[in-house]
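*Asks:* Have a look at this one.
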2 protein chains.
Amino acid sequence: MAERSALIANTGLAMRETGHFKVLAGWRNELYPVYGPGGELIFNMERSLSCLFGIVTYGSHMTAYTRNAEDGTLKFWVPRRSYSKSTYPGILDNTVAGGLATGEVPFECIVREAEEEASLPEAYVRPNVKAVGVVSYFHIRGSRAGGETDFLQPEVEYLYELELPKEIIPKPSDGEVEEFYLWSIDELMAALGRNEFKPNCAVVFIDFMIRHNILTPENEKDYLDISSRLHRKLVFPTGLLFHEK
Amino acid sequence: MAERSALIANTGLAMRETGHFKVLAGWRNELYPVYGPGGELIFNMERSLSCLFGIVTYGSHMTAYTRNAEDGTLKFWVPRRSYSKSTYPGILDNTVAGGLATGEVPFECIVREAEEEASLPEAYVRPNVKAVGVVSYFHIRGSRAGGETDFLQPEVEYLYELELPKEIIPKPSDGEVEEFYLWSIDELMAALGRNEFKPNCAVVFIDFMIRHNILTPENEKDYLDISSRLHRKLVFPTGLLFHEK
């Protein structure tokens, strides 16, 4: 496996040197897993290369919100991505999100990223964050994603939610986030309608709205279709390394 | 359309008279919708016939639970189906569930069935019940479903949840339910493991456990696969009459 991974890395570096692939300018030095048909790890691949090969990528995404004590109304913490990021600069995002490098556990990823990206204390996040599902879909990555052309990226996102008391406020910490907004559902939906969200973060909010009685079979005629498109059976092998036999 | 529906009804009655199809003994006198490629209603079909034709059927399923005020622990109201039912007699079920006849609205169906099957007052259910998603899958109907052979049934279930205060207790009312149990998650999972639930009610609990941090990516190695199988894109036309153009 180490040999195959090295071969891929060298190929990737050679591809990068040609200058043909704009997306490789944002070389990450992070290894993503590639699984075989039985969910076994067959090799690792540099993160920025994975989209060119149509590899399934994995991430953990968390929605943090506050609840008004009197009427139960929710408000959502929405970050604007840093203008210096190589992908989707200045675009809206989920409260906390991170890609899963080889061997990373989804829960540990979200706890770590919550601290790194949003200054949310591990002592609060670890006992309170809840796993609420997983979405799997094809994502069209285009110029906003740092590429020069559109391509399809199969992706899996493990979903988490965290209710925050009003004294815990997300703050940018590692330079990934410009600022955090605290928005009502109406403000959030308006921004979704203006296409201001990173597409794979928009789907996380749509799934949230389905699970929380905001989108319903009666108010959204494509309810069933949206639900099945957010949970596609991907046609490629998938896995999670820590479950490997 | 009325002509096509009448033709189907007569065919069904003739099929029933042959005595070949055990499942038709439980003739329901309820009409189920059959949709065309654009989601338009093309005809109606007697409920008990729909499985023989592989028609997509629709239902509303509700999970009612109590929450312990001190530690937040949930307990679930689980009914045992009446021993006199033609399908799945004496088997465990979701708190409240009903099939959607032509023209029925999922939300109204669950409010009505909550009163009819479980004596839950409309005045409490209507403002408190929450839509939490939809599952779509193929279901193997076998001898327990009143048929003499196994066949695949594509099905869509609109999901609802209702937290009940301890003074509101579900009670059998229309003879569909033998009795209600109030079970911890461990009791519920043990009964699932013993295959004591109606299969399409078991999937509702599995989806509940995914949405409520009980099944997680770490404790269930087939998490992703279960999620996508519970939200299949069905290969047949689907619709909901009240959204018809």
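Just remember, in the structure tokens the first chain shown is A, the second B, etc., residues are 1-based per chain, and ligands are 1-based in the order shown.
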Step one, run DSSP on the backbone; step two, keep only residues of stretch 93-146 of chain B assigned to alpha helix (DSSP H); then write them as a list in words.
*Replies:*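 Listing alpha helix (DSSP H) positions across stretch 93-146 of chain B yields Pro106, Phe107, Glu108, Cys109, Ile110, Val111, Arg112, Glu113, Ala114, Glu115, Glu116, Glu117, Ala118, Glu122, Ala123, Tyr124, Val125, Arg126, Pro127 and Asn128 of chain B.
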*Asks:* For the residues in the current selection, export N, CA and C atoms as an mmCIF file, in the first residue's frame.
*Replies:*
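Okay, again-v3.cif is ready:
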data_model
loop_
_atom_site.group_PDB
_atom_site.id
_atom_site.type_symbol
_atom_site.label_atom_id
_atom_site.label_comp_id
_atom_site.auth_asym_id
_atom_site.auth_seq_id
_atom_site.Cartn_x
_atom_site.Cartn_y
_atom_site.Cartn_z
ATOM 1 N N PRO B 106 -50.204 13.975 4.445
ATOM 2 C CA PRO B 106 -49.501 13.218 5.493
ATOM 3 C C PRO B 106 -49.732 13.741 6.908
ATOM 4 N N PHE B 107 -49.689 15.063 7.084
ATOM 5 C CA PHE B 107 -49.865 15.645 8.417
ATOM 6 C C PHE B 107 -51.271 15.359 8.965
ATOM 7 N N GLU B 108 -52.295 15.538 8.106
ATOM 8 C CA GLU B 108 -53.675 15.307 8.558
ATOM 9 C C GLU B 108 -53.888 13.836 8.869
ATOM 10 N N CYS B 109 -53.250 12.970 8.105
ATOM 11 C CA CYS B 109 -53.361 11.525 8.342
ATOM 12 C C CYS B 109 -52.857 11.179 9.743
ATOM 13 N N ILE B 110 -51.708 11.748 10.123
ATOM 14 C CA ILE B 110 -51.122 11.366 11.413
ATOM 15 C C ILE B 110 -51.942 11.950 12.573
ATOM 16 N N VAL B 111 -52.479 13.138 12.396
ATOM 17 C CA VAL B 111 -53.327 13.733 13.442
ATOM 18 C C VAL B 111 -54.583 12.867 13.645
ATOM 19 N N ARG B 112 -55.184 12.457 12.540
ATOM 20 C CA ARG B 112 -56.397 11.636 12.613
ATOM 21 C C ARG B 112 -56.112 10.256 13.222
ATOM 22 N N GLU B 113 -55.041 9.604 12.744
ATOM 23 C CA GLU B 113 -54.724 8.259 13.241
ATOM 24 C C GLU B 113 -54.318 8.292 14.715
ATOM 25 N N ALA B 114 -53.683 9.387 15.148
ATOM 26 C CA ALA B 114 -53.272 9.495 16.556
ATOM 27 C C ALA B 114 -54.502 9.434 17.460
ATOM 28 N N GLU B 115 -55.557 10.071 17.014
ATOM 29 C CA GLU B 115 -56.808 10.038 17.778
ATOM 30 C C GLU B 115 -57.475 8.654 17.657
ATOM 31 N N GLU B 116 -57.545 8.139 16.430
ATOM 32 C CA GLU B 116 -58.270 6.879 16.200
ATOM 33 C C GLU B 116 -57.578 5.663 16.808
ATOM 34 N N GLU B 117 -56.237 5.570 16.623
ATOM 35 C CA GLU B 117 -55.529 4.353 17.041
ATOM 36 C C GLU B 117 -55.043 4.424 18.472
ATOM 37 N N ALA B 118 -54.756 5.661 18.962
ATOM 38 C CA ALA B 118 -54.049 5.762 20.239
ATOM 39 C C ALA B 118 -54.729 6.715 21.216
ATOM 40 N N GLU B 122 -56.405 15.454 19.541
ATOM 41 C CA GLU B 122 -56.013 16.333 18.431
ATOM 42 C C GLU B 122 -55.499 17.662 18.964
ATOM 43 N N ALA B 123 -56.109 18.169 20.035
ATOM 44 C CA ALA B 123 -55.729 19.486 20.578
ATOM 45 C C ALA B 123 -54.274 19.491 21.043
ATOM 46 N N TYR B 124 -53.744 18.327 21.449
ATOM 47 C CA TYR B 124 -52.323 18.262 21.808
ATOM 48 C C TYR B 124 -51.455 17.919 20.596
ATOM 49 N N VAL B 125 -51.918 16.969 19.782
ATOM 50 C CA VAL B 125 -51.088 16.461 18.679
ATOM 51 C C VAL B 125 -50.836 17.539 17.620
ATOM 52 N N ARG B 126 -51.903 18.209 17.181
ATOM 53 C CA ARG B 126 -51.780 19.143 16.048
ATOM 54 C C ARG B 126 -50.700 20.217 16.262
ATOM 55 N N PRO B 127 -50.653 20.897 17.415
ATOM 56 C CA PRO B 127 -49.614 21.926 17.543
ATOM 57 C C PRO B 127 -48.238 21.378 17.944
ATOM 58 N N ASN B 128 -48.131 20.111 18.346
ATOM 59 C CA ASN B 128 -46.856 19.621 18.893
ATOM 60 C C ASN B 128 -46.130 18.598 18.034
#
*Asks:* Tell me the residues of chain B close to chain A, meaning within 7 Å using only C-alpha atoms, as a list of chain:residue names.
*Replies:*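 Every residue meeting the condition is included here: B:Lys130, B:Ala131, B:Val132, B:Gly133, B:Val134, B:Ile210, B:Arg211, B:His212, B:Asn213, B:Thr216, B:Lys221, B:Leu224, B:Ser227, B:Ser228, B:His231, B:Arg232, B:Lys233, B:His243.
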*Asks:* Write out, as an mmCIF file, in the first residue's frame, the residues just selected, with N, CA and C atoms.
*Replies:*
data_model
loop_
_atom_site.group_PDB
_atom_site.id
_atom_site.type_symbol
_atom_site.label_atom_id
_atom_site.label_comp_id
_atom_site.auth_asym_id
_atom_site.auth_seq_id
_atom_site.Cartn_x
_atom_site.Cartn_y
_atom_site.Cartn_z
ATOM 1 N N LYS B 130 -44.078 16.943 15.102
ATOM 2 C CA LYS B 130 -43.062 17.525 14.218
ATOM 3 C C LYS B 130 -42.776 16.592 13.038
ATOM 4 N N ALA B 131 -42.695 17.159 11.838
ATOM 5 C CA ALA B 131 -42.207 16.400 10.670
ATOM 6 C C ALA B 131 -40.693 16.315 10.781
ATOM 7 N N VAL B 132 -40.143 15.100 10.630
ATOM 8 C CA VAL B 132 -38.700 14.923 10.833
ATOM 9 C C VAL B 132 -38.021 14.184 9.679
ATOM 10 N N GLY B 133 -38.744 13.995 8.579
ATOM 11 C CA GLY B 133 -38.086 13.376 7.433
ATOM 12 C C GLY B 133 -38.981 12.382 6.724
ATOM 13 N N VAL B 134 -38.367 11.656 5.811
ATOM 14 C CA VAL B 134 -39.099 10.665 5.022
ATOM 15 C C VAL B 134 -38.136 9.522 4.713
ATOM 16 N N ILE B 210 -30.583 7.117 14.216
ATOM 17 C CA ILE B 210 -29.549 7.859 13.468
ATOM 18 C C ILE B 210 -29.679 9.358 13.747
ATOM 19 N N ARG B 211 -30.901 9.867 13.791
ATOM 20 C CA ARG B 211 -31.103 11.307 13.979
ATOM 21 C C ARG B 211 -30.875 11.754 15.421
ATOM 22 N N HIS B 212 -30.872 10.791 16.370
ATOM 23 C CA HIS B 212 -30.789 11.146 17.786
ATOM 24 C C HIS B 212 -29.536 10.628 18.472
ATOM 25 N N ASN B 213 -28.426 10.499 17.729
ATOM 26 C CA ASN B 213 -27.129 10.247 18.381
ATOM 27 C C ASN B 213 -27.074 8.891 19.087
ATOM 28 N N THR B 216 -24.219 5.882 15.704
ATOM 29 C CA THR B 216 -23.244 6.900 15.285
ATOM 30 C C THR B 216 -22.269 6.276 14.277
ATOM 31 N N LYS B 221 -20.833 0.146 11.998
ATOM 32 C CA LYS B 221 -19.952 0.180 10.813
ATOM 33 C C LYS B 221 -20.723 0.352 9.504
ATOM 34 N N LEU B 224 -23.344 4.522 7.006
ATOM 35 C CA LEU B 224 -23.571 5.173 5.709
ATOM 36 C C LEU B 224 -24.492 4.338 4.829
ATOM 37 N N SER B 227 -28.064 4.447 6.028
ATOM 38 C CA SER B 227 -28.671 5.741 5.700
ATOM 39 C C SER B 227 -29.096 5.808 4.238
ATOM 40 N N SER B 228 -28.240 5.345 3.319
ATOM 41 C CA SER B 228 -28.628 5.455 1.909
ATOM 42 C C SER B 228 -29.724 4.446 1.560
ATOM 43 N N HIS B 231 -33.165 5.789 2.285
ATOM 44 C CA HIS B 231 -33.601 6.944 1.490
ATOM 45 C C HIS B 231 -33.364 6.668 0.018
ATOM 46 N N ARG B 232 -33.836 5.521 -0.444
ATOM 47 C CA ARG B 232 -33.615 5.152 -1.830
ATOM 48 C C ARG B 232 -34.383 6.063 -2.773
ATOM 49 N N LYS B 233 -33.743 6.330 -3.916
ATOM 50 C CA LYS B 233 -34.471 6.927 -5.028
ATOM 51 C C LYS B 233 -35.250 5.782 -5.653
ATOM 52 N N HIS B 243 -49.972 18.293 -4.277
ATOM 53 C CA HIS B 243 -48.983 19.124 -4.958
ATOM 54 C C HIS B 243 -49.175 19.098 -6.479
#
*Asks:* Check stretch 15-90 of chain B with DSSP on the backbone and list each residue it calls strand (DSSP E), as a ChimeraX atom specification.
*Replies:* /B:31-35,41-46,57-67,74-81
*Asks:* Write out as a PyMOL selection string the residues lying within 6 Å of stretch 195-206 of chain B, counting only C-alpha atoms and excluding same-chain residues fewer than 2 positions away.
*Replies:* chain B and resi 91-94+191-193+208-209
*Asks:* So, with only C-alpha atoms as the atoms that count, which of B:Gly39, B:Gly72, B:Gly175, B:Pro121 lies closest to B:Pro237?
*Replies:* B:Gly39
*Asks:* Quick one: distance from atom CA of A:Asn29 to atom CA of A:Arg47 in Å, one decimal?
*Replies:*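 It comes out at 7.2 Å.
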